[in-house]
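Working notes for the structure below.
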Amino acid sequence: MFKSFKEKLKKGLEKTRESFSTKVDSVFKMFKKVDEELFEELEEALISADVGVDTSLYIIEELRKKVKEKHLTEAEEVKIEIKEIISTILTSIDSTMNISSTPSVIMVIGVNGVGKTTSIGKMAANYKAQGKKVILGAGDTFRAAAIDQLAVWAERAGVDIIKHEEGSDPGAVMFDTIAAAKKRGADLIIFDTAGRLHNKKNLMDELKKIYKIIERELPDASKEVLLVLDATTGQNAINQAHQFGEATDITGIVLTKLDGTAKGGIVIAIAHEQNIPVKFVGVGEAVDDLEPFVASDFASALIPEDEEQV
């Protein structure tokens, strides 16, 4: 039997859970009663678990309010509240993909090396498995390797791809991808873009040109702009989200390599500090190991009930 994604997520988050729960649990083992020292130790534990300073301060402040409102006196009760606060942060922004039109367009951005092309391939396979006709656009014309890699993934996922030569105009690739999508009756276009950020103006100009073509050729299309981030980079991923956010309007995050890191706490920081929903998470190398993000499943996998812990 195939594992459910909830099971995969729980398995994939082992390193993060060990880091997060170990730090948080160690605090609760030291303190049985609720006092200011408990809050201070929890704050430090959250920061060291890659939740980030701002988000950790927010969680502790919310925790103080809950303790006061509910008259909590036991440390174990506080642990339950932390899980609920984290779950609330993650569910406060809608993670649903907006791909209701035919065709819809997903533009994928991100620096090189974060798993951008791989994520596109896995997304294509995911949507094809749902019965959608998918077409890929190889808009990262800056590198021949990116075009070739996307072609490999298109073949693996069993979907069409539109590509030009290295150095071609990405706008022209988008135009041809849209034309092909219309002609072939595609439900979904997934478009790769150049993975460079050292010159935000160039990136912005390039994306604006692509947007104009989409608006002209598919004025009523549903559109998503997904930023791919590597979970193993921790707080650096937050910085990338901020920088790309200055260059373009991001509608969601694809967080890769969650299974290879203890820094999965950044999911909470991204949701709280950037106000951008995580829409997909990757927890393995297999083609079906990228799945839509479910906040409640993440919170449960991150802070399991005591009886679930091994």
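Going through the structure tokens in order, the chains are called A, B, and so on, while each chain numbers its residues from 1 and the ligands are numbered from 1 in the order shown.
The protein and nucleic acid residues lying at most 9 Å from Gly52 (chain A) are Leu46, Gln235, Gly265, Ile266, Ile268 and Ala269 of chain A, with only C-alpha atoms considered and sequence neighbours fewer than 6 positions away removed.
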Please save all heavy atoms of the selected residues as a short mmCIF file (atom, residue, chain, number, x, y, z; two decimals), in the first residue's frame.
```cif
data_model
loop_
_atom_site.label_atom_id
_atom_site.label_comp_id
_atom_site.auth_asym_id
_atom_site.auth_seq_id
_atom_site.Cartn_x
_atom_site.Cartn_y
_atom_site.Cartn_z
N LEU A 46 12.35 27.97 20.61
CA LEU A 46 11.72 28.21 19.31
C LEU A 46 12.71 28.87 18.34
O LEU A 46 12.80 28.48 17.18
CB LEU A 46 10.48 29.10 19.47
CG LEU A 46 9.27 28.46 20.17
CD1 LEU A 46 8.22 29.53 20.47
CD2 LEU A 46 8.68 27.34 19.33
N GLN A 235 17.02 30.17 7.64
CA GLN A 235 16.66 31.59 7.60
C GLN A 235 17.01 32.25 6.26
O GLN A 235 16.42 33.26 5.90
CB GLN A 235 17.34 32.33 8.75
CG GLN A 235 16.76 31.99 10.11
CD GLN A 235 15.28 32.32 10.24
OE1 GLN A 235 14.87 33.44 10.00
NE2 GLN A 235 14.48 31.34 10.62
N GLY A 265 11.09 24.37 10.78
CA GLY A 265 10.40 25.43 11.51
C GLY A 265 10.24 26.70 10.70
O GLY A 265 9.39 27.54 11.02
N ILE A 266 11.02 26.83 9.62
CA ILE A 266 10.89 28.04 8.80
C ILE A 266 9.53 28.13 8.10
O ILE A 266 9.14 29.21 7.68
CB ILE A 266 12.01 28.16 7.74
CG1 ILE A 266 11.95 27.02 6.71
CG2 ILE A 266 13.36 28.24 8.37
CD1 ILE A 266 12.61 27.38 5.41
N ILE A 268 6.75 27.98 9.53
CA ILE A 268 5.97 28.85 10.42
C ILE A 268 6.40 30.31 10.22
O ILE A 268 5.57 31.21 10.12
CB ILE A 268 6.17 28.44 11.89
CG1 ILE A 268 5.87 26.95 12.07
CG2 ILE A 268 5.28 29.27 12.81
CD1 ILE A 268 6.47 26.34 13.32
N ALA A 269 7.72 30.51 10.13
CA ALA A 269 8.24 31.87 9.95
C ALA A 269 7.80 32.47 8.61
O ALA A 269 7.45 33.65 8.53
CB ALA A 269 9.77 31.86 10.04
#
```
Just list the residues in region 115-190 of chain A DSSP gives alpha helix (DSSP H) on the backbone, as a ChimeraX atom specification. /A:116-129,144-157,170-184
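If you count only C-alpha atoms and ignore residues fewer than 5 places along the chain from Lys201 (chain A), what sits within 12 Å of it is Arg196, Glu206, Leu207, Lys208, Gln243, Phe244, Glu246, Ala247 and Thr248 of chain A.
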What does the file look like for those residues with N, CA, C and O atoms, as a PDB file, in the first residue's frame?
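The result, written out as result.pdb:
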```pdb
ATOM      1  N   ARG A 196      17.801  33.581 -11.317  1.00  0.00           N
ATOM      2  CA  ARG A 196      18.831  34.513 -10.863  1.00  0.00           C
ATOM      3  C   ARG A 196      18.190  35.692 -10.130  1.00  0.00           C
ATOM      4  O   ARG A 196      17.127  36.161 -10.509  1.00  0.00           O
ATOM      5  N   GLU A 206      11.884  41.116 -16.759  1.00  0.00           N
ATOM      6  CA  GLU A 206      11.611  39.874 -17.478  1.00  0.00           C
ATOM      7  C   GLU A 206      10.237  39.320 -17.107  1.00  0.00           C
ATOM      8  O   GLU A 206       9.453  38.922 -17.970  1.00  0.00           O
ATOM      9  N   LEU A 207       9.935  39.329 -15.804  1.00  0.00           N
ATOM     10  CA  LEU A 207       8.650  38.808 -15.342  1.00  0.00           C
ATOM     11  C   LEU A 207       7.493  39.683 -15.811  1.00  0.00           C
ATOM     12  O   LEU A 207       6.436  39.180 -16.199  1.00  0.00           O
ATOM     13  N   LYS A 208       7.698  41.009 -15.795  1.00  0.00           N
ATOM     14  CA  LYS A 208       6.649  41.916 -16.279  1.00  0.00           C
ATOM     15  C   LYS A 208       6.304  41.640 -17.735  1.00  0.00           C
ATOM     16  O   LYS A 208       5.138  41.674 -18.132  1.00  0.00           O
ATOM     17  N   GLN A 243      13.318  38.995  -0.784  1.00  0.00           N
ATOM     18  CA  GLN A 243      13.908  39.602  -1.987  1.00  0.00           C
ATOM     19  C   GLN A 243      13.043  39.374  -3.225  1.00  0.00           C
ATOM     20  O   GLN A 243      12.808  40.295  -4.008  1.00  0.00           O
ATOM     21  N   PHE A 244      12.581  38.154  -3.409  1.00  0.00           N
ATOM     22  CA  PHE A 244      11.710  37.880  -4.558  1.00  0.00           C
ATOM     23  C   PHE A 244      10.390  38.619  -4.423  1.00  0.00           C
ATOM     24  O   PHE A 244       9.798  39.050  -5.423  1.00  0.00           O
ATOM     25  N   GLU A 246      10.018  41.500  -3.298  1.00  0.00           N
ATOM     26  CA  GLU A 246      10.222  42.880  -3.746  1.00  0.00           C
ATOM     27  C   GLU A 246      10.201  42.979  -5.271  1.00  0.00           C
ATOM     28  O   GLU A 246       9.922  44.040  -5.828  1.00  0.00           O
ATOM     29  N   ALA A 247      10.525  41.870  -5.944  1.00  0.00           N
ATOM     30  CA  ALA A 247      10.602  41.871  -7.401  1.00  0.00           C
ATOM     31  C   ALA A 247       9.285  41.494  -8.072  1.00  0.00           C
ATOM     32  O   ALA A 247       9.019  41.895  -9.199  1.00  0.00           O
ATOM     33  N   THR A 248       8.453  40.736  -7.362  1.00  0.00           N
ATOM     34  CA  THR A 248       7.202  40.276  -7.987  1.00  0.00           C
ATOM     35  C   THR A 248       6.186  39.900  -6.914  1.00  0.00           C
ATOM     36  O   THR A 248       6.533  39.754  -5.744  1.00  0.00           O
TER      37      THR A 248
END
```
Compare A:His272, A:His242, A:Lys182, A:Lys257 by their minimum atom-to-atom distance to Val114 (chain A), counting only C-alpha atoms, and give me the closest one. A:Lys257
Which residue is closest to Thr55 (chain A)? Choose from A:Ile85, A:Met174, A:Ala221, A:Leu72 and count only C-alpha atoms. A:Ile85
Could you build a table of the residues in region 129-160 of chain A lying no more than 12 Å from region 284-306 of chain A, giving for each the nearest pair of atoms and their separation in Å rounded to one decimal place, using only C-alpha atoms, ordered by chain and ascending residue number, as JSON lines?
```
{"residue": "A:Ala129", "atom": "CA", "partner": "A:Asp288", "partner_atom": "CA", "distance": 9.7}
{"residue": "A:Trp153", "atom": "CA", "partner": "A:Val287", "partner_atom": "CA", "distance": 9.5}
{"residue": "A:Ala154", "atom": "CA", "partner": "A:Val287", "partner_atom": "CA", "distance": 11.7}
{"residue": "A:Arg156", "atom": "CA", "partner": "A:Val287", "partner_atom": "CA", "distance": 8.8}
{"residue": "A:Ala157", "atom": "CA", "partner": "A:Val287", "partner_atom": "CA", "distance": 8.2}
{"residue": "A:Gly158", "atom": "CA", "partner": "A:Val287", "partner_atom": "CA", "distance": 11.9}
```
Contact check, region 55-172 of chain A to region 14-38 of chain A, at most 7 Å, counting only C-alpha atoms, closest pairs as CSV:
```
residue,atom,partner,partner_atom,distance
A:Thr73,CA,A:Val34,CA,5.4
A:Glu74,CA,A:Lys33,CA,5.1
A:Ala75,CA,A:Lys32,CA,5.2
```
Could you write out that same residue set with C-alpha atoms as an mmCIF file, in the first residue's frame?
```cif
data_model
loop_
_atom_site.group_PDB
_atom_site.id
_atom_site.type_symbol
_atom_site.label_atom_id
_atom_site.label_comp_id
_atom_site.auth_asym_id
_atom_site.auth_seq_id
_atom_site.Cartn_x
_atom_site.Cartn_y
_atom_site.Cartn_z
ATOM 1 C CA THR A 73 -1.084 26.579 35.516
ATOM 2 C CA GLU A 74 0.378 23.345 34.144
ATOM 3 C CA ALA A 75 3.275 23.287 31.666
#
```
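Note that CA of Ile147 (chain A) and CA of Glu166 (chain A) are 7.7 Å apart.
Interatomic distance, CA of Pro219 (chain A) to CA of Asn98 (chain A): 14.8 Å.
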Identify all residues of region 100-240 of chain A in strand (DSSP E) (DSSP on the backbone) and supply them as a PyMOL selection string. chain A and resi 104-109+134-138+160-162+188-192+223-230
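The closest residue to Thr256 (chain A), picked from A:Gly139, A:Gly110, A:Gly167, A:Gly195 and counting only C-alpha atoms, is A:Gly110.
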Do you know which residues are at most 10 Å from Asp176 (chain A) counting only C-alpha atoms, after dropping those on the same chain fewer than 6 positions away, and could you put them as a tab-separated table (two decimals) with C-alpha atoms, in the first residue's frame?
```tsv
chain	number	residue	atom	x	y	z
A	137	GLY	CA	7.19	26.04	-20.73
A	162	ILE	CA	7.60	23.92	-25.26
A	163	LYS	CA	11.24	24.98	-25.43
A	164	HIS	CA	13.49	27.28	-27.43
A	170	PRO	CA	11.45	33.92	-22.30
A	182	LYS	CA	-4.88	26.55	-26.62
```
Contacts of Ile93 (chain A) at 10 Å (only C-alpha atoms; same-chain gap of 2+ positions) as a compact mmCIF listing (two decimals) with N, CA, C and O atoms, in the first residue's frame:
```
# COMPACT_ATOMS: atom_id res chain seq x y z
N THR A 88 -2.76 27.80 13.96
CA THR A 88 -3.49 29.01 13.57
C THR A 88 -2.67 29.87 12.62
O THR A 88 -3.21 30.41 11.64
N ILE A 89 -1.37 30.01 12.90
CA ILE A 89 -0.49 30.78 12.01
C ILE A 89 -0.52 30.17 10.61
O ILE A 89 -0.65 30.88 9.60
N LEU A 90 -0.41 28.85 10.55
CA LEU A 90 -0.32 28.17 9.25
C LEU A 90 -1.64 28.18 8.49
O LEU A 90 -1.65 28.18 7.26
N THR A 91 -2.75 28.17 9.21
CA THR A 91 -4.06 28.14 8.55
C THR A 91 -4.63 29.52 8.30
O THR A 91 -5.69 29.65 7.70
N SER A 95 -4.03 28.14 1.54
CA SER A 95 -3.03 27.39 0.76
C SER A 95 -3.62 26.77 -0.51
O SER A 95 -2.94 26.04 -1.22
N THR A 96 -4.89 27.06 -0.79
CA THR A 96 -5.54 26.48 -1.97
C THR A 96 -4.97 27.08 -3.25
O THR A 96 -4.76 28.29 -3.35
N GLY A 252 2.45 31.99 -3.58
CA GLY A 252 2.65 30.81 -2.76
C GLY A 252 4.10 30.34 -2.77
O GLY A 252 4.89 30.75 -3.61
N ALA A 271 5.09 31.77 6.86
CA ALA A 271 3.66 32.10 6.93
C ALA A 271 3.43 33.37 7.74
O ALA A 271 2.65 34.25 7.35
N HIS A 272 4.14 33.50 8.87
CA HIS A 272 3.90 34.64 9.76
C HIS A 272 4.57 35.93 9.29
O HIS A 272 3.95 36.99 9.26
N ASN A 275 3.71 36.44 5.19
CA ASN A 275 2.27 36.37 4.85
C ASN A 275 2.04 35.73 3.49
O ASN A 275 1.17 36.14 2.72
N ILE A 276 2.86 34.72 3.20
CA ILE A 276 2.72 33.97 1.94
C ILE A 276 2.41 32.53 2.29
O ILE A 276 3.13 31.93 3.10
N PRO A 277 1.36 31.95 1.72
CA PRO A 277 1.04 30.56 2.06
C PRO A 277 2.04 29.58 1.46
O PRO A 277 2.50 29.76 0.33
N VAL A 278 2.39 28.55 2.22
CA VAL A 278 3.12 27.42 1.65
C VAL A 278 2.09 26.56 0.94
O VAL A 278 1.09 26.15 1.54
N ALA A 295 -1.95 22.41 6.49
CA ALA A 295 -1.43 23.01 7.73
C ALA A 295 -1.63 22.12 8.95
O ALA A 295 -0.73 21.95 9.77
```
Go through A:Leu203, A:Ile106, A:Leu42, A:Met97 and flag the residue nearest Ser56 (chain A), using only C-alpha atoms for the distances. A:Leu42
